[in-house]
>>> print(open('target30.cif').read())   # mmCIF, C-alpha atoms
data_model
#
loop_
_atom_site.label_atom_id
_atom_site.label_comp_id
_atom_site.auth_asym_id
_atom_site.auth_seq_id
_atom_site.Cartn_x
_atom_site.Cartn_y
_atom_site.Cartn_z
CA MET A 15 -8.89 13.71 40.44
CA THR A 16 -7.15 13.97 37.05
CA GLN A 17 -8.90 12.31 34.13
CA ALA A 18 -6.91 10.09 31.82
CA PRO A 19 -6.35 11.70 28.41
CA LYS A 20 -8.71 10.52 25.70
CA SER A 21 -7.16 8.40 22.99
CA GLN A 22 -7.10 9.81 19.49
CA PRO A 23 -9.87 8.52 17.18
CA GLU A 24 -8.73 5.90 14.70
CA LEU A 25 -8.27 7.13 11.14
CA PHE A 26 -10.26 4.31 9.56
CA ASP A 27 -13.64 2.84 10.41
CA ARG A 28 -12.94 -0.88 10.12
CA GLN A 29 -16.62 -1.81 10.36
CA ALA A 30 -17.46 0.41 7.38
CA LEU A 31 -14.49 -1.04 5.51
CA ALA A 32 -15.79 -4.57 6.11
CA ILE A 33 -19.20 -3.56 4.75
CA HIS A 34 -17.63 -2.04 1.63
CA ARG A 35 -15.51 -5.14 1.02
CA ALA A 36 -18.52 -7.42 1.44
CA ARG A 37 -20.19 -5.54 -1.45
CA HIS A 38 -17.22 -5.87 -3.81
CA GLN A 39 -17.58 -7.23 -7.34
CA PRO A 40 -14.97 -9.87 -8.23
CA GLU A 41 -14.42 -8.48 -11.74
CA ALA A 42 -13.30 -5.15 -10.24
CA LEU A 43 -10.37 -6.59 -8.23
CA PHE A 44 -7.76 -5.98 -10.92
CA LEU A 45 -5.42 -4.23 -8.47
CA HIS A 46 -5.36 -7.32 -6.27
CA GLU A 47 -4.72 -9.49 -9.31
CA LEU A 48 -1.87 -7.19 -10.33
CA ALA A 49 -0.44 -7.41 -6.79
CA ARG A 50 -0.63 -11.21 -6.93
CA ASP A 51 1.20 -11.29 -10.28
CA GLU A 52 3.83 -8.90 -8.93
CA VAL A 53 4.43 -11.14 -5.90
CA GLU A 54 4.77 -14.21 -8.14
CA ASP A 55 7.30 -12.41 -10.37
CA ARG A 56 9.37 -11.19 -7.44
CA LEU A 57 9.49 -14.60 -5.79
CA THR A 58 10.98 -16.09 -8.97
CA LEU A 59 13.94 -13.75 -8.45
CA VAL A 60 14.59 -15.01 -4.92
CA ASN A 61 16.96 -17.97 -4.72
CA ARG A 62 14.87 -19.71 -2.10
CA THR A 63 12.08 -22.27 -1.90
CA PHE A 64 9.40 -21.24 0.58
CA THR A 65 7.56 -24.12 2.21
CA LYS A 66 5.52 -22.35 4.91
CA PRO A 67 3.96 -19.26 3.29
CA THR A 68 1.12 -17.18 4.67
CA ILE A 69 -0.79 -14.38 2.98
CA VAL A 70 -2.58 -11.49 4.66
CA SER A 71 -5.40 -10.43 2.34
CA PRO A 72 -9.04 -9.30 2.51
CA PHE A 73 -9.78 -11.38 -0.63
CA ALA A 74 -8.50 -14.93 -0.18
CA ASN A 75 -9.92 -16.19 -3.49
CA ILE A 76 -7.46 -14.03 -5.44
CA TRP A 77 -4.52 -15.99 -3.99
CA GLN A 78 -5.78 -19.56 -3.57
CA ASP A 79 -4.99 -20.87 -7.06
CA SER A 80 -1.52 -19.32 -7.26
CA PHE A 81 -0.52 -20.24 -3.69
CA PRO A 82 -2.48 -23.43 -2.89
CA ASN A 83 -0.24 -24.33 0.05
CA ALA A 84 -0.39 -20.90 1.68
CA ARG A 85 -2.33 -20.09 4.82
CA ILE A 86 -4.49 -17.04 4.07
CA VAL A 87 -5.66 -14.79 6.90
CA PRO A 88 -7.65 -11.52 6.91
CA ASP A 89 -6.01 -8.17 7.64
CA ASP A 90 -7.55 -7.84 11.11
CA THR A 91 -6.05 -5.46 13.66
CA LEU A 92 -4.68 -8.54 15.42
CA LEU A 93 -3.39 -10.88 12.73
CA ASP A 94 -4.08 -14.58 13.13
CA LEU A 95 -0.39 -15.51 12.88
CA THR A 96 1.75 -17.76 15.08
CA PRO A 97 5.22 -16.38 15.95
CA GLY A 98 8.12 -17.95 14.04
CA SER A 99 5.91 -20.27 12.00
CA HIS A 100 6.36 -19.01 8.43
CA ASP A 101 9.29 -18.55 6.06
CA LEU A 102 7.28 -16.17 3.83
CA VAL A 103 4.64 -13.59 4.75
CA VAL A 104 2.85 -11.63 2.01
CA HIS A 105 0.83 -8.61 3.21
CA ALA A 106 -1.34 -7.86 0.20
CA MET A 107 -3.18 -4.64 -0.63
CA ALA A 108 -4.39 -3.91 2.89
CA LEU A 109 -1.70 -1.87 4.64
CA HIS A 110 -3.19 1.41 3.38
CA TRP A 111 -6.33 0.67 5.46
CA ALA A 112 -4.43 -0.15 8.68
CA ASN A 113 -4.82 2.17 11.65
CA ASP A 114 -1.41 0.93 12.83
CA PRO A 115 0.68 -0.04 9.78
CA VAL A 116 3.86 -0.44 11.82
CA GLY A 117 2.00 -2.81 14.13
CA GLN A 118 0.89 -4.86 11.12
CA LEU A 119 4.49 -5.18 9.92
CA ILE A 120 5.76 -6.03 13.39
CA GLN A 121 3.21 -8.84 13.62
CA CYS A 122 4.35 -10.10 10.21
CA ARG A 123 8.00 -9.98 11.27
CA ARG A 124 7.24 -11.93 14.44
CA ALA A 125 5.46 -14.58 12.37
CA LEU A 126 8.60 -15.16 10.31
CA SER A 127 11.18 -17.79 11.10
CA GLU A 128 14.83 -16.70 11.07
CA ASP A 129 15.84 -15.27 7.67
CA GLY A 130 12.21 -15.37 6.49
CA LEU A 131 10.90 -12.95 3.86
CA LEU A 132 8.20 -10.32 4.19
CA LEU A 133 6.72 -8.95 0.97
CA ALA A 134 4.10 -6.24 1.39
CA ILE A 135 2.23 -4.49 -1.42
CA THR A 136 0.13 -1.44 -0.68
CA LEU A 137 -1.21 1.67 -2.39
CA GLY A 138 1.15 4.64 -2.36
CA GLY A 139 0.85 8.39 -2.11
CA ARG A 140 0.18 9.25 -5.78
CA THR A 141 -2.78 6.90 -5.96
CA LEU A 142 -5.85 8.77 -7.27
CA HIS A 143 -4.04 12.12 -7.09
CA GLU A 144 -6.14 13.36 -10.04
CA LEU A 145 -9.45 12.58 -8.32
CA ARG A 146 -8.17 13.87 -4.99
CA SER A 147 -7.24 17.29 -6.39
CA ALA A 148 -10.43 17.60 -8.49
CA LEU A 149 -12.65 16.73 -5.52
CA ALA A 150 -10.83 19.15 -3.22
CA GLU A 151 -11.09 22.04 -5.67
CA ALA A 152 -14.75 21.27 -6.39
CA GLU A 153 -15.72 20.99 -2.73
CA ALA A 154 -13.99 24.26 -1.89
CA ALA A 155 -15.97 25.94 -4.66
CA VAL A 156 -19.34 24.34 -3.85
CA SER A 157 -19.35 24.29 -0.05
CA GLY A 158 -16.44 26.53 0.91
CA GLY A 159 -14.57 23.81 2.81
CA LEU A 160 -13.00 20.35 2.62
CA SER A 161 -14.01 17.00 4.10
CA PRO A 162 -12.19 13.63 4.20
CA ARG A 163 -13.09 11.83 0.96
CA ILE A 164 -9.99 9.90 -0.17
CA ALA A 165 -7.81 8.16 2.39
CA PRO A 166 -4.27 9.53 2.80
CA MET A 167 -1.62 7.10 1.56
CA GLY A 168 2.06 6.93 2.44
CA GLU A 169 4.90 8.13 0.25
CA ILE A 170 7.49 5.53 -0.71
CA ARG A 171 10.18 7.02 1.55
CA ASP A 172 7.87 6.89 4.57
CA LEU A 173 6.63 3.39 3.76
CA GLY A 174 10.19 2.14 3.39
CA GLY A 175 10.97 3.55 6.82
CA LEU A 176 8.19 1.41 8.30
CA LEU A 177 10.24 -1.70 7.49
CA GLN A 178 13.12 -0.50 9.64
CA ARG A 179 10.78 0.55 12.44
CA ALA A 180 9.31 -2.96 12.37
CA GLY A 181 12.77 -4.48 12.87
CA LEU A 182 13.20 -5.98 9.41
CA ALA A 183 16.62 -6.39 7.83
CA LEU A 184 17.74 -5.50 4.29
CA PRO A 185 14.69 -3.27 3.65
CA VAL A 186 13.80 -2.32 0.07
CA ALA A 187 10.90 -0.20 -1.23
CA ASP A 188 10.02 0.43 -4.86
CA VAL A 189 7.02 1.48 -6.95
CA VAL A 190 4.94 -0.16 -9.67
CA PRO A 191 2.96 2.66 -11.37
CA LEU A 192 -0.30 2.02 -13.16
CA THR A 193 -2.65 4.37 -15.00
CA ALA A 194 -6.19 3.26 -15.79
CA GLN A 195 -8.67 5.14 -18.00
CA TYR A 196 -12.31 5.84 -17.23
CA ARG A 197 -15.27 7.15 -19.16
CA ASP A 198 -15.86 9.87 -16.55
CA SER A 199 -15.28 10.57 -12.85
CA LEU A 200 -18.55 8.86 -11.88
CA HIS A 201 -17.36 5.70 -13.65
CA LEU A 202 -14.14 5.83 -11.57
CA MET A 203 -15.99 6.31 -8.29
CA GLN A 204 -18.33 3.44 -9.12
CA GLU A 205 -15.34 1.18 -9.78
CA LEU A 206 -13.74 2.16 -6.47
CA ARG A 207 -16.92 1.05 -4.68
CA ALA A 208 -16.88 -2.20 -6.70
CA MET A 209 -13.31 -2.77 -5.50
CA GLY A 210 -14.39 -2.40 -1.88
CA GLU A 211 -12.26 0.75 -1.70
CA GLY A 212 -15.02 3.22 -0.81
CA ASN A 213 -14.49 5.95 1.78
CA ALA A 214 -14.08 4.29 5.18
CA MET A 215 -12.45 7.14 7.07
CA THR A 216 -13.80 7.70 10.55
CA GLN A 217 -14.29 11.44 9.95
CA ARG A 218 -16.03 10.99 6.58
CA VAL A 219 -19.18 12.96 5.77
CA ARG A 220 -22.24 10.85 6.69
CA HIS A 221 -24.89 12.78 4.73
CA PRO A 222 -25.42 12.69 0.94
CA SER A 223 -23.23 15.09 -1.04
CA PRO A 224 -24.87 17.67 -3.32
CA ARG A 225 -25.09 16.85 -7.02
CA ALA A 226 -23.31 20.10 -7.78
CA LEU A 227 -20.16 18.71 -6.12
CA PHE A 228 -19.89 15.83 -8.57
CA ALA A 229 -20.73 17.98 -11.59
CA GLN A 230 -17.98 20.41 -10.56
CA THR A 231 -15.56 17.54 -9.92
CA GLU A 232 -16.16 16.20 -13.43
CA ALA A 233 -15.55 19.61 -14.99
CA ILE A 234 -12.32 20.22 -13.03
CA TYR A 235 -11.07 16.67 -13.67
CA ARG A 236 -11.54 17.17 -17.40
CA GLN A 237 -10.02 20.63 -17.35
CA HIS A 238 -6.76 19.42 -15.81
CA PHE A 239 -6.39 15.76 -16.80
CA GLU A 240 -8.57 14.80 -19.80
CA LEU A 241 -6.77 12.59 -22.33
CA PRO A 242 -6.90 13.13 -26.11
CA ASN A 243 -9.31 10.20 -26.42
CA GLY A 244 -11.80 11.95 -24.10
CA LYS A 245 -11.24 9.59 -21.18
CA LEU A 246 -9.98 10.42 -17.68
CA PRO A 247 -6.76 8.91 -16.28
CA ALA A 248 -6.55 7.53 -12.75
CA THR A 249 -3.19 6.77 -11.19
CA PHE A 250 -2.73 3.74 -8.95
CA GLU A 251 0.68 3.48 -7.32
CA LEU A 252 1.60 0.06 -5.95
CA VAL A 253 4.43 0.29 -3.41
CA CYS A 254 6.32 -2.98 -2.89
CA LEU A 255 8.06 -3.40 0.47
CA THR A 256 10.58 -6.19 1.05
CA GLY A 257 12.36 -7.08 4.27
CA TRP A 258 13.88 -10.10 5.98
CA SER A 259 13.65 -11.45 9.49
CA PRO A 260 17.10 -10.76 11.02
CA SER A 261 19.66 -13.57 10.85
CA ASP A 262 23.41 -13.83 11.48
CA SER A 263 23.76 -15.36 8.01
CA GLN A 264 22.70 -12.15 6.28
CA PRO A 265 25.21 -9.64 4.86
CA GLN A 266 26.31 -7.15 7.51
CA PRO A 267 27.58 -3.59 6.91
CA LEU A 268 31.28 -3.05 7.55
CA ARG A 269 32.36 -1.04 10.56
CA PRO A 270 33.31 2.55 9.54
CA GLY A 271 37.09 2.83 9.06
CA SER A 272 37.59 -0.92 8.59
CA ALA A 273 38.37 -0.76 4.83
CA LYS A 274 41.82 -2.12 3.91
CA THR A 275 42.00 -0.54 0.44
CA ARG A 276 41.71 3.15 -0.40
CA LEU A 277 38.87 4.04 -2.79
CA ALA A 278 41.20 5.91 -5.16
CA GLU A 279 43.44 2.86 -5.39
CA ALA A 280 40.50 0.57 -6.12
CA LEU A 281 39.26 2.93 -8.87
CA LYS A 282 42.83 3.47 -10.19
CA VAL A 283 42.50 7.26 -10.11
CA PRO A 284 44.67 9.97 -8.49
CA GLU A 285 43.72 10.83 -4.94
CA THR A 286 43.03 14.52 -4.33
CA LYS A 287 42.89 16.04 -0.87
CA LEU A 288 39.83 18.13 -0.11
CA PRO A 289 40.46 21.72 1.00
CA ASP A 290 40.20 22.33 4.75
#
>>> encode(input="target30.cif", output="structure tokens")
Amino acid sequence: MTQAPKSQPELFDRQALAIHRARHQPEALFLHELARDEVEDRLTLVNRTFTKPTIVSPFANIWQDSFPNARIVPDDTLLDLTPGSHDLVVHAMALHWANDPVGQLIQCRRALSEDGLLLAITLGGRTLHELRSALAEAEAAVSGGLSPRIAPMGEIRDLGGLLQRAGLALPVADVVPLTAQYRDSLHLMQELRAMGEGNAMTQRVRHPSPRALFAQTEAIYRQHFELPNGKLPATFELVCLTGWSPSDSQPQPLRPGSAKTRLAEALKVPETKLPD
């Protein structure tokens, strides 16, 4: 009798993530506040009034004052959303912890009414690249190997492709870069824990790390990245994803070969044949 293949382990331990988030300190949630401000700014540029918004966020209190009429739901694996019931869905600062990010976006798209807007903000691939490289180099020197310590995060091209895979129309992806400064690498790691962004990878090391690892990390971090003022920079890359629920009223691409005017004529320049 053939055994069914075992499913692959999930990348993130959602129970550990919930514990980390429960220990967060409100004053450390500046990334979530920045994401909220970014959403507000972007919505002012959309010529539309949204009357049935919902927000997917692990920290509802960040959004309640700015969006008092929004329904706010946690970023569970199965989102508490009703199909076709919202004209705006904001997925805020949680997609980078999803074991199935495409599934999260598909659920958001299904929750949208026709021609509804999805706006997702998540951390991108260059986030904490300084700490990531310093930790990797230090761990290789101290223990002779590497272990999962900072969650992998998607590059903007890959994240933009998720919108199309989720069936959203008119997809757009762009980046809001941010660099914060810290007294030392320990200060940065303490702030990450205060944000609720501690290591929640399933394959993370479960035993205490040696002190030598963090001393070496600090030295390498300073060697490669120290600023003239003696502080250490930390990059946070916010990737903003925008897509619309498909509608016949949206602009459609022209069929290839259907143009009625030659490009050279429109630009008022001579037309030159390309060599065979």
>>> residues_around(input="target30.cif", residues="A:Ser80", least_positions_apart="6", cutoff="10 Å", atoms="only C-alpha atoms", output="ChimeraX atom specification")
/A:50-51,54
>>> residues_around(input="target30.cif", residues="stretch 115-126 of chain A", least_positions_apart="3", cutoff="10 Å", atoms="only C-alpha atoms", output="ChimeraX atom specification")
/A:66-70,89-105,108-112,129-134,173,175-183,257-260
>>> resolve_selection(input="target30.cif", expression="the PyMOL selection byres ((chain A and resi 162) around 6)", output="ChimeraX atom specification")
/A:161,163,218
>>> resolve_selection(input="target30.cif", expression="the PyMOL selection byres ((chain A and resi 239-252) around 7)", output="list in words")
Ile135, Thr136, Leu137, Gly138, Arg140, Thr141, Leu142, His143, Glu144, Val189, Val190, Pro191, Leu192, Thr193, Ala194, Gln195, Tyr196, Arg197, Asp198, Tyr235, Arg236, Gln237, His238, Val253 and Cys254 of chain A
>>> residues_around(input="target30.cif", residues="A:Ala226", least_positions_apart="3", cutoff="9 Å", atoms="all atoms listed in the file", output="PyMOL selection string")
chain A and resi 152+156+223+229-231
>>> atom_distance(input="target30.cif", atom1="atom CA of A:Asp172", atom2="atom CA of A:Phe64")
28.5 Å
>>> closest_residue(input="target30.cif", among="A:Leu43, A:Ala74, A:Ala233, A:Ala155", to="A:Pro88", atoms="all atoms listed in the file")
A:Ala74
>>> closest_residue(input="target30.cif", among="A:Gly210, A:Leu227, A:Leu184, A:Leu202", to="A:Gly159", atoms="all atoms listed in the file")
A:Leu227
>>> atom_distance(input="target30.cif", atom1="atom CA of A:Leu45", atom2="atom CA of A:Glu153")
27.8 Å
>>> closest_residue(input="target30.cif", among="A:His34, A:Ile170, A:Asp114, A:Ala165", to="A:Met215", atoms="only C-alpha atoms")
A:Ala165
>>> atom_distance(input="target30.cif", atom1="atom CA of A:Thr216", atom2="atom CA of A:Ala148")
21.7 Å
>>> residues_around(input="target30.cif", residues="A:His46", least_positions_apart="4", cutoff="8 Å", atoms="all atoms listed in the file", output="PyMOL selection string")
chain A and resi 50+76+106-107
>>> closest_residue(input="target30.cif", among="A:Ile234, A:Val219, A:Met209, A:Ala214", to="A:Glu41", atoms="all atoms listed in the file")
A:Met209
